[in-house]
$ cat start.csv   # CSV, C-alpha atoms and all ligand atoms
chain,number,residue,atom,x,y,z
A,1,MET,CA,105.5,32.6,51.0
A,2,SER,CA,103.0,33.8,48.4
A,3,PHE,CA,99.8,32.5,50.0
A,4,ASN,CA,97.5,35.3,51.1
A,5,THR,CA,94.4,33.2,51.8
A,6,GLU,CA,93.8,29.8,53.4
A,7,VAL,CA,95.4,26.8,51.7
A,8,PRO,CA,95.3,23.0,52.2
A,9,LEU,CA,98.2,21.7,54.4
A,10,ALA,CA,99.5,19.4,51.6
A,11,GLN,CA,99.8,22.3,49.1
A,12,LEU,CA,101.5,24.5,51.7
A,13,LEU,CA,104.1,21.8,52.5
A,14,GLU,CA,104.8,21.2,48.8
A,15,GLN,CA,105.4,24.9,48.2
A,16,LEU,CA,107.7,25.2,51.3
A,17,CYS,CA,109.6,22.1,50.2
A,18,GLN,CA,110.3,23.8,46.8
A,19,GLN,CA,111.3,27.0,48.5
A,20,PHE,CA,113.7,25.2,50.8
A,21,GLU,CA,115.3,23.3,47.9
A,22,GLU,CA,115.7,26.5,45.9
A,23,ALA,CA,117.3,28.2,48.9
A,24,GLN,CA,119.7,25.2,49.3
A,25,LEU,CA,119.2,25.0,53.1
A,26,PHE,CA,121.3,22.7,55.1
A,27,TYR,CA,119.6,20.0,57.1
A,28,GLY,CA,121.5,18.7,60.1
A,29,HIS,CA,119.4,19.6,63.1
A,30,GLY,CA,116.7,17.0,63.4
A,31,THR,CA,115.8,16.4,59.7
A,32,ASP,CA,117.8,15.5,56.6
A,33,ASN,CA,115.5,16.6,53.8
A,34,PRO,CA,113.3,19.6,52.8
A,35,TRP,CA,109.9,17.8,53.2
A,36,ASP,CA,110.6,16.7,56.9
A,37,GLU,CA,112.0,20.2,57.6
A,38,ALA,CA,108.7,21.8,56.3
A,39,VAL,CA,106.7,19.3,58.3
A,40,TYR,CA,108.8,20.0,61.5
A,41,LEU,CA,108.2,23.8,61.2
A,42,VAL,CA,104.6,23.8,60.1
A,43,PHE,CA,103.3,21.0,62.5
A,44,SER,CA,105.1,22.6,65.4
A,45,VAL,CA,103.7,26.1,64.8
A,46,LEU,CA,100.2,24.8,64.1
A,47,GLY,CA,100.3,22.4,67.1
A,48,ILE,CA,99.7,19.3,64.8
A,49,SER,CA,100.9,16.0,66.2
A,50,PHE,CA,103.7,14.3,64.2
A,51,ASP,CA,101.7,11.0,64.7
A,52,ALA,CA,98.6,12.5,62.9
A,53,ASP,CA,97.4,10.2,60.0
A,54,ASP,CA,97.5,11.2,56.3
A,55,SER,CA,94.0,12.8,56.4
A,56,ILE,CA,95.6,15.7,58.2
A,57,MET,CA,97.0,16.8,54.7
A,58,GLN,CA,93.4,17.9,53.8
A,59,ARG,CA,93.4,20.3,56.8
A,60,VAL,CA,93.0,23.9,55.8
A,61,VAL,CA,95.7,26.3,57.0
A,62,SER,CA,94.0,29.6,57.8
A,63,SER,CA,95.3,33.1,56.8
A,64,GLU,CA,95.9,33.8,60.5
A,65,GLU,CA,98.1,30.7,60.7
A,66,LEU,CA,99.9,31.6,57.5
A,67,ALA,CA,100.6,35.0,59.0
A,68,ARG,CA,102.2,33.3,62.1
A,69,LEU,CA,104.3,31.1,59.8
A,70,SER,CA,105.5,33.8,57.5
A,71,PRO,CA,108.2,35.5,59.7
A,72,LEU,CA,109.6,32.1,60.8
A,73,LEU,CA,109.9,31.0,57.2
A,74,ARG,CA,111.8,34.2,56.4
A,75,GLN,CA,114.2,33.5,59.3
A,76,ARG,CA,114.7,29.9,58.2
A,77,ILE,CA,115.5,30.9,54.6
A,78,GLU,CA,117.2,34.2,54.9
A,79,ALA,CA,118.9,34.0,58.3
A,80,ARG,CA,119.3,30.2,58.1
A,81,VAL,CA,118.0,29.8,61.7
A,82,PRO,CA,117.5,26.0,62.4
A,83,VAL,CA,113.8,25.1,62.9
A,84,ALA,CA,114.4,23.9,66.5
A,85,TYR,CA,115.4,27.4,67.5
A,86,LEU,CA,112.4,28.9,65.7
A,87,VAL,CA,109.9,26.6,67.4
A,88,LYS,CA,111.9,26.3,70.7
A,89,GLU,CA,111.6,22.5,70.6
A,90,ALA,CA,113.8,19.6,69.5
A,91,TRP,CA,113.2,15.9,69.6
A,92,PHE,CA,115.7,13.4,71.0
A,93,ALA,CA,115.2,9.7,71.7
A,94,GLY,CA,111.5,10.3,70.9
A,95,LEU,CA,111.2,13.0,73.6
A,96,PRO,CA,110.6,16.7,73.3
A,97,PHE,CA,113.2,19.1,74.7
A,98,THR,CA,112.9,22.9,75.1
A,99,VAL,CA,115.8,24.5,73.3
A,100,ASP,CA,117.0,27.9,72.1
A,101,GLU,CA,120.3,29.5,71.1
A,102,ARG,CA,121.7,28.9,74.6
A,103,VAL,CA,122.2,25.2,73.8
A,104,LEU,CA,123.2,23.0,71.0
A,105,ILE,CA,120.3,21.3,69.2
A,106,PRO,CA,120.2,17.7,70.3
A,107,ARG,CA,121.3,15.2,67.6
A,108,SER,CA,123.7,12.8,69.2
A,109,PRO,CA,123.6,9.2,67.9
A,110,LEU,CA,123.8,8.3,71.6
A,111,ALA,CA,120.0,8.3,71.4
A,112,GLU,CA,120.2,4.9,69.8
A,113,LEU,CA,122.2,3.4,72.7
A,114,ILE,CA,119.7,5.0,75.2
A,115,ALA,CA,116.8,3.3,73.4
A,116,GLN,CA,118.6,0.0,73.8
A,117,ASP,CA,119.3,0.6,77.5
A,118,PHE,CA,123.1,0.5,76.7
A,119,ALA,CA,122.6,-3.3,76.1
A,120,ALA,CA,125.9,-5.2,76.3
A,121,LEU,CA,127.7,-2.1,77.3
A,122,VAL,CA,126.7,-2.0,81.0
A,123,GLN,CA,126.9,-5.0,83.3
A,124,ARG,CA,124.0,-3.9,85.5
A,125,PRO,CA,121.5,-1.0,85.5
A,126,PRO,CA,123.5,2.1,86.5
A,127,THR,CA,122.3,3.8,89.7
A,128,ARG,CA,124.5,6.9,89.4
A,129,ILE,CA,124.8,8.5,86.0
A,130,LEU,CA,126.6,11.6,84.8
A,131,ASP,CA,125.8,13.5,81.6
A,132,LEU,CA,128.9,15.6,81.2
A,133,CYS,CA,128.6,18.7,78.9
A,134,THR,CA,124.8,18.3,79.1
A,135,GLY,CA,123.6,21.4,77.2
A,136,SER,CA,119.8,21.0,77.0
A,137,GLY,CA,120.1,17.9,79.3
A,138,CYS,CA,118.8,15.7,76.5
A,139,ILE,CA,121.2,12.7,77.0
A,140,GLY,CA,120.9,12.6,80.8
A,141,ILE,CA,117.2,13.1,80.9
A,142,ALA,CA,116.4,10.5,78.2
A,143,THR,CA,118.7,8.0,80.1
A,144,ALA,CA,117.1,8.8,83.4
A,145,LEU,CA,113.7,8.0,82.0
A,146,ASN,CA,115.0,4.5,80.9
A,147,PHE,CA,116.6,3.8,84.3
A,148,PRO,CA,113.9,4.7,86.8
A,149,GLU,CA,116.0,3.8,89.8
A,150,ALA,CA,119.0,5.9,88.8
A,151,LYS,CA,120.0,9.4,90.0
A,152,VAL,CA,121.4,11.5,87.2
A,153,GLU,CA,123.6,14.6,87.3
A,154,LEU,CA,123.7,17.0,84.3
A,155,ALA,CA,126.8,19.0,84.3
A,156,ASP,CA,127.8,22.0,82.1
A,157,ILE,CA,130.1,25.0,82.5
A,158,SER,CA,127.4,27.3,81.0
A,159,ASP,CA,124.9,28.9,83.3
A,160,ALA,CA,122.7,29.6,80.3
A,161,ALA,CA,122.7,25.9,79.3
A,162,LEU,CA,122.0,24.8,82.8
A,163,THR,CA,118.9,27.0,82.9
A,164,LEU,CA,117.6,25.1,79.9
A,165,ALA,CA,118.6,21.7,81.4
A,166,GLN,CA,116.6,22.6,84.5
A,167,ILE,CA,113.6,23.6,82.4
A,168,ASN,CA,113.8,20.1,80.7
A,169,ILE,CA,114.3,18.3,84.1
A,170,GLU,CA,111.0,19.9,85.2
A,171,ARG,CA,109.3,19.3,81.8
A,172,HIS,CA,110.0,15.6,82.2
A,173,GLY,CA,109.1,15.5,85.9
A,174,LEU,CA,112.6,14.4,87.1
A,175,GLN,CA,113.2,16.9,89.9
A,176,SER,CA,113.6,14.1,92.5
A,177,ARG,CA,116.3,12.2,90.5
A,178,ALA,CA,118.0,14.7,88.2
A,179,LYS,CA,120.2,17.6,89.1
A,180,ALA,CA,121.8,20.3,87.0
A,181,ILE,CA,125.3,21.2,88.2
A,182,LYS,CA,127.7,23.8,87.2
A,183,SER,CA,131.1,22.3,86.6
A,184,ASP,CA,134.2,22.9,84.4
A,185,LEU,CA,134.3,19.3,83.1
A,186,LEU,CA,134.7,17.0,86.1
A,187,GLN,CA,136.2,19.6,88.5
A,188,SER,CA,133.2,20.2,90.8
A,189,LEU,CA,131.7,16.7,90.6
A,190,HIS,CA,131.9,13.8,93.1
A,191,GLY,CA,131.9,10.3,91.8
A,192,PRO,CA,131.7,7.4,91.7
A,193,TYR,CA,129.4,7.2,88.7
A,194,ASP,CA,128.4,3.9,87.2
A,195,LEU,CA,127.9,5.5,83.8
A,196,ILE,CA,129.5,8.7,82.4
A,197,LEU,CA,127.9,9.9,79.1
A,198,SER,CA,129.4,12.8,77.3
A,199,ASN,CA,128.9,14.7,74.1
A,200,PRO,CA,131.6,17.4,74.7
A,201,PRO,CA,132.8,20.1,72.3
A,202,TYR,CA,135.1,18.4,69.8
A,203,VAL,CA,135.2,20.7,66.7
A,204,SER,CA,138.4,22.4,65.6
A,205,GLN,CA,138.6,26.0,64.5
A,206,ALA,CA,139.3,25.0,60.9
A,207,GLU,CA,136.2,22.8,60.9
A,208,ILE,CA,134.0,25.6,62.5
A,209,ASP,CA,135.1,27.9,59.7
A,210,GLU,CA,133.7,25.5,57.2
A,211,LEU,CA,130.4,24.8,58.8
A,212,PRO,CA,127.1,25.7,57.0
A,213,ALA,CA,125.5,28.9,58.2
A,214,GLU,CA,122.9,27.0,60.3
A,215,TYR,CA,125.6,26.0,62.8
A,216,CYS,CA,126.6,29.7,63.4
A,217,HIS,CA,123.4,30.0,65.5
A,218,GLU,CA,124.6,27.4,67.9
A,219,PRO,CA,126.8,28.5,70.9
A,220,VAL,CA,130.4,28.2,70.0
A,221,LEU,CA,131.1,27.0,73.5
A,222,GLY,CA,129.2,23.9,72.6
A,223,LEU,CA,131.3,23.1,69.5
A,224,PHE,CA,134.8,24.4,69.8
A,225,SER,CA,137.7,22.6,71.4
A,226,GLU,CA,141.4,23.4,71.1
A,227,GLU,CA,144.1,21.1,69.8
A,228,GLU,CA,142.2,20.3,66.6
A,229,GLY,CA,139.1,19.4,68.6
A,230,LEU,CA,140.8,17.0,71.0
A,231,ALA,CA,141.7,19.1,74.0
A,232,ILE,CA,138.4,18.7,75.9
A,233,PRO,CA,137.9,15.0,75.0
A,234,LEU,CA,141.5,14.3,76.1
A,235,GLN,CA,141.0,16.1,79.4
A,236,ILE,CA,137.9,14.0,80.1
A,237,LEU,CA,139.7,10.8,79.2
A,238,ARG,CA,142.6,11.7,81.6
A,239,ASN,CA,140.3,12.2,84.6
A,240,ALA,CA,137.3,10.0,84.1
A,241,ALA,CA,138.7,6.9,85.8
A,242,ASP,CA,138.8,8.8,89.2
A,243,TYR,CA,135.0,9.4,88.8
A,244,LEU,CA,133.9,5.9,87.9
A,245,SER,CA,132.8,3.0,90.0
A,246,ALA,CA,134.9,-0.2,89.7
A,247,ASP,CA,132.6,-1.6,87.0
A,248,GLY,CA,131.7,1.8,85.6
A,249,VAL,CA,131.9,2.8,82.0
A,250,LEU,CA,132.6,6.0,80.0
A,251,ILE,CA,130.7,6.5,76.7
A,252,MET,CA,131.8,9.6,74.8
A,253,GLU,CA,131.1,11.1,71.4
A,254,VAL,CA,134.0,12.7,69.5
A,255,GLY,CA,132.3,12.6,66.0
A,256,TYR,CA,134.6,13.0,63.1
A,257,SER,CA,137.5,13.6,65.5
A,258,HIS,CA,137.6,9.9,66.1
A,259,GLU,CA,140.4,9.2,63.6
A,260,ALA,CA,142.6,11.9,65.2
A,261,LEU,CA,141.9,10.6,68.7
A,262,SER,CA,142.8,7.0,67.7
A,263,ALA,CA,145.9,8.1,66.0
A,264,ARG,CA,147.0,10.1,69.0
A,265,LEU,CA,146.3,7.3,71.4
A,266,PRO,CA,147.1,4.1,69.5
A,267,ASN,CA,147.5,2.0,72.8
A,268,VAL,CA,144.1,2.9,74.3
A,269,PRO,CA,141.6,0.1,73.5
A,270,PHE,CA,138.7,2.3,72.3
A,271,LEU,CA,135.6,0.3,71.5
A,272,TRP,CA,134.1,2.3,68.6
A,273,LEU,CA,130.3,1.7,68.6
A,274,GLU,CA,128.2,1.0,65.5
A,275,PHE,CA,124.9,2.6,64.8
A,276,GLU,CA,121.9,1.3,62.8
A,277,HIS,CA,120.4,4.7,62.3
A,278,GLY,CA,123.6,6.5,61.3
A,279,GLY,CA,126.4,8.3,63.2
A,280,GLU,CA,129.9,7.5,64.2
A,281,GLY,CA,132.7,8.6,66.6
A,282,ILE,CA,131.3,7.3,69.9
A,283,PHE,CA,133.5,5.0,72.0
A,284,MET,CA,133.2,3.1,75.2
A,285,LEU,CA,136.0,2.5,77.7
A,286,SER,CA,135.5,0.7,81.1
A,287,ALA,CA,136.9,2.1,84.3
A,288,GLU,CA,139.4,-0.7,84.3
A,289,GLN,CA,140.6,0.1,80.8
A,290,LEU,CA,140.9,3.8,81.6
A,291,ARG,CA,143.0,3.0,84.7
A,292,ALA,CA,145.2,0.8,82.7
A,293,ALA,CA,145.7,3.5,80.1
A,294,GLN,CA,146.7,6.2,82.6
A,295,ALA,CA,150.3,6.3,81.4
A,296,ALA,CA,149.3,6.6,77.7
A,297,LEU,CA,146.8,9.3,78.6
A,298,ALA,CA,149.2,11.3,80.8
B,1,LIG,C1,128.3,19.5,72.1
B,1,LIG,S1,127.4,20.3,73.3
B,1,LIG,C2,126.4,19.0,73.8
B,1,LIG,C3,125.1,19.3,74.5
B,1,LIG,C4,124.3,18.1,74.7
B,1,LIG,N1,124.9,17.1,75.5
B,1,LIG,C5,123.8,17.4,73.4
B,1,LIG,O1,124.2,16.3,73.1
B,1,LIG,O2,123.0,18.1,72.7
B,1,LIG,C6,128.7,20.5,74.5
B,1,LIG,C7,128.3,21.2,75.8
B,1,LIG,O3,129.5,21.3,76.6
B,1,LIG,C8,129.5,22.5,77.4
B,1,LIG,N2,130.9,22.8,77.7
B,1,LIG,C9,131.8,23.4,77.0
B,1,LIG,N3,133.0,23.4,77.7
B,1,LIG,C10,132.7,22.8,78.9
B,1,LIG,C11,133.5,22.6,80.1
B,1,LIG,N4,134.8,23.0,80.2
B,1,LIG,N5,132.9,22.0,81.2
B,1,LIG,C12,131.6,21.6,81.1
B,1,LIG,N6,130.8,21.8,80.0
B,1,LIG,C13,131.4,22.4,78.9
B,1,LIG,C14,128.8,23.5,76.5
B,1,LIG,O4,128.3,24.6,77.2
B,1,LIG,C15,127.8,22.6,75.7
B,1,LIG,O5,126.5,22.8,76.4

$ encode --input "start.csv" --output "C-alpha cells" --more "lines below"
Ligand SMILES: C[S@@+](CC[C@H](N)C(=O)[O-])C[C@H]1O[C@@H](n2cnc3c(N)ncnc32)[C@H](O)[C@@H]1O
Amino acid sequence: MSFNTEVPLAQLLEQLCQQFEEAQLFYGHGTDNPWDEAVYLVFSVLGISFDADDSIMQRVVSSEELARLSPLLRQRIEARVPVAYLVKEAWFAGLPFTVDERVLIPRSPLAELIAQDFAALVQRPPTRILDLCTGSGCIGIATALNFPEAKVELADISDAALTLAQINIERHGLQSRAKAIKSDLLQSLHGPYDLILSNPPYVSQAEIDELPAEYCHEPVLGLFSEEEGLAIPLQILRNAADYLSADGVLIMEVGYSHEALSARLPNVPFLWLEFEHGGEGIFMLSAEQLRAAQAALA
C-alpha cells in the first residue's frame, strides 16, 4: 500500500480493489469480488458498520489506521490469508462469529434454510437439534437463535474447534441452551434429535491438491474425507437413523461430492435442495427414509 498519509476511504478502497485484482486473489470465504473483499477487511479493522450509509466513503483514514491495515494487506496478498482469519471474524446467516485457523470459515448454503426456519422441511419446530461437525458452531448457533425453545448440541472431534464453538456460544448468549461436545461423528452422542444438521468434511485428496492457496490456511481436518470425499458423509448416513426421533430429519451438505454420492447410492431417495442465493449439494432425508435405506447404506 503506497499511502503514507491520510486518505479518503473511497480512494483507499479503490486502490485496494486494484491491488487485489492485480494479485489475482481468490474469493470464496465470505465475498466473491475484490471490492467486497476490500470493504470486509477495511471496515472490520476500522470498526465501521457494514450498514453505514454512503457518506462513510468521505471518511478520512488516518495514517495510524493505514499503519494498522498495512501488515494485514501484506498477509492477504502475499500469504493469501483469507480476510476472516486476519480480522478474526466471519459472518454467517447475518450473524458474526469468532474464527481463526482452528476452524473452517463459515460459508455453508445452509444459512438460507436457517433463515427460512427450514420451512417445509420440518413438520414442527425441533426441540433437540444436533450440529454435527460444528467447527465454529455457526450452523447450530444460528439455528438455535431461530428456534428459541430448542436445545442444541454442537459436536466436533477437534478440541481446538470446540474451544471456538464455546466462544461463539457465549458470544451469542446461548449458554443455557447450547452445548459443545467432543465426539467422533455420532459416537459419544445420545439422541433422539428432531433435526441433525451437518456440514462434514467431504473433499477428496485430489480436490484438496487443486484448491486455491487461500484454502491451505483452513484446517485439513475440516476438509478432507477418504474414499473420494465420501467416507465421512457415508458413515453419518449409516448411523443417523439411530439418533433421530420418529419424525426427525437429517440435512447434510456434501457440496460437489453430491453426484458421486447419488451414483453410489442410487436407491436412496435424497431430496437435493435448491438455493436462491447459490450453493448446491445439500440433501434432506427423513428418519423414516434413512431406516428404509439401511440395507442400501450397509
Ligand atoms: C467442513 S467443517 C464444517 C464446520 C462448520 N460446520 C461450518 O459449516 O463452517 C467440518 C468440521 O468437521 C470436524 N470433523 C472432522 N472429522 C470429524 C469427526 N470424525 N467427528 C466429528 N467432527 C469431525 C472438523 O474438525 C471440522 O470442524

$ closest_atom_pairs --input "start.csv" --of "stretch 191-253 of chain A" --to "stretch 116-139 of chain A" --cutoff "6 Å" --atoms "all atoms listed in the file" --output "JSON lines"
{"residue": "A:Tyr193", "atom": "CA", "partner": "A:Arg128", "partner_atom": "CA", "distance": 5.0}
{"residue": "A:Asp194", "atom": "CA", "partner": "A:Pro126", "partner_atom": "CA", "distance": 5.3}
{"residue": "A:Leu195", "atom": "CA", "partner": "A:Ile129", "partner_atom": "CA", "distance": 4.8}
{"residue": "A:Ile196", "atom": "CA", "partner": "A:Leu130", "partner_atom": "CA", "distance": 4.8}
{"residue": "A:Leu197", "atom": "CA", "partner": "A:Asp131", "partner_atom": "CA", "distance": 4.9}
{"residue": "A:Ser198", "atom": "CA", "partner": "A:Leu132", "partner_atom": "CA", "distance": 4.8}
{"residue": "A:Pro200", "atom": "CA", "partner": "A:Cys133", "partner_atom": "CA", "distance": 5.3}

$ residues_around --input "start.csv" --residues "A:Leu174" --least-positions-apart "3" --cutoff "12 Å" --atoms "only C-alpha atoms" --output "PDB file with C-alpha atoms, keeping the file's coordinate frame"
ATOM      1  CA  GLY A 137     120.100  17.900  79.300  1.00  0.00           C
ATOM      2  CA  GLY A 140     120.900  12.600  80.800  1.00  0.00           C
ATOM      3  CA  ILE A 141     117.200  13.100  80.900  1.00  0.00           C
ATOM      4  CA  ALA A 142     116.400  10.500  78.200  1.00  0.00           C
ATOM      5  CA  THR A 143     118.700   8.000  80.100  1.00  0.00           C
ATOM      6  CA  ALA A 144     117.100   8.800  83.400  1.00  0.00           C
ATOM      7  CA  LEU A 145     113.700   8.000  82.000  1.00  0.00           C
ATOM      8  CA  ASN A 146     115.000   4.500  80.900  1.00  0.00           C
ATOM      9  CA  PHE A 147     116.600   3.800  84.300  1.00  0.00           C
ATOM     10  CA  PRO A 148     113.900   4.700  86.800  1.00  0.00           C
ATOM     11  CA  GLU A 149     116.000   3.800  89.800  1.00  0.00           C
ATOM     12  CA  ALA A 150     119.000   5.900  88.800  1.00  0.00           C
ATOM     13  CA  LYS A 151     120.000   9.400  90.000  1.00  0.00           C
ATOM     14  CA  VAL A 152     121.400  11.500  87.200  1.00  0.00           C
ATOM     15  CA  GLU A 153     123.600  14.600  87.300  1.00  0.00           C
ATOM     16  CA  LEU A 154     123.700  17.000  84.300  1.00  0.00           C
ATOM     17  CA  ALA A 165     118.600  21.700  81.400  1.00  0.00           C
ATOM     18  CA  GLN A 166     116.600  22.600  84.500  1.00  0.00           C
ATOM     19  CA  ILE A 167     113.600  23.600  82.400  1.00  0.00           C
ATOM     20  CA  ASN A 168     113.800  20.100  80.700  1.00  0.00           C
ATOM     21  CA  ILE A 169     114.300  18.300  84.100  1.00  0.00           C
ATOM     22  CA  GLU A 170     111.000  19.900  85.200  1.00  0.00           C
ATOM     23  CA  ARG A 171     109.300  19.300  81.800  1.00  0.00           C
ATOM     24  CA  ARG A 177     116.300  12.200  90.500  1.00  0.00           C
ATOM     25  CA  ALA A 178     118.000  14.700  88.200  1.00  0.00           C
ATOM     26  CA  LYS A 179     120.200  17.600  89.100  1.00  0.00           C
ATOM     27  CA  ALA A 180     121.800  20.300  87.000  1.00  0.00           C
TER      28      ALA A 180
END

$ closest_atom_pairs --input "start.csv" --of "stretch 215-285 of chain A" --to "stretch 83-97 of chain A" --cutoff "12 Å" --atoms "all atoms listed in the file" --output "tab-separated table"
residue	atom	partner	partner_atom	distance
A:Tyr215	CA	A:Tyr85	CA	11.3
A:His217	CA	A:Tyr85	CA	8.6
A:Glu218	CA	A:Tyr85	CA	9.2
A:Pro219	CA	A:Tyr85	CA	11.9
A:His277	CA	A:Ala93	CA	11.8

$ residues_around --input "start.csv" --residues "A:Gly191" --least-positions-apart "3" --cutoff "8 Å" --atoms "only C-alpha atoms" --output "ChimeraX atom specification"
/A:242-245

$ write_last_selection --input "start.csv" --atoms "C-alpha atoms" --output "compact mmCIF listing (two decimals), in the frame of the given file"
# COMPACT_ATOMS: atom_id res chain seq x y z
CA ASP A 242 138.80 8.80 89.20
CA TYR A 243 135.00 9.40 88.80
CA LEU A 244 133.90 5.90 87.90
CA SER A 245 132.80 3.00 90.00

$ residues_near_ligand --input "start.csv" --ligand "ligand LIG 1 (chain B)" --cutoff "6 Å" --atoms "all atoms listed in the file" --output "NGL selection string"
:A and (103-106 or 108 or 133-136 or 139 or 156-158 or 161 or 183-185 or 199-201 or 221-223)

$ atom_distance --input "start.csv" --atom1 "atom CA of A:Leu41" --atom2 "atom CA of A:Leu69"
8.4 Å

$ atom_distance --input "start.csv" --atom1 "atom CA of A:Gly229" --atom2 "atom CA of A:Gly281"
12.7 Å

$ residues_around --input "start.csv" --residues "A:Phe224" --least-positions-apart "5" --cutoff "9 Å" --atoms "all atoms listed in the file" --output "PyMOL selection string"
chain A and resi 201-205+208+229

$ atom_distance --input "start.csv" --atom1 "atom CA of A:Ile56" --atom2 "atom CA of A:Pro71"
23.5 Å

$ closest_residue --input "start.csv" --among "A:Ala298, A:Met284, A:Cys216, A:Ala155" --to "A:Val254" --atoms "all atoms listed in the file"
A:Met284

$ closest_residue --input "start.csv" --among "A:Pro192, A:Pro212, A:Gly173, A:Gly248" --to "A:Phe26" --atoms "all atoms listed in the file"
A:Pro212
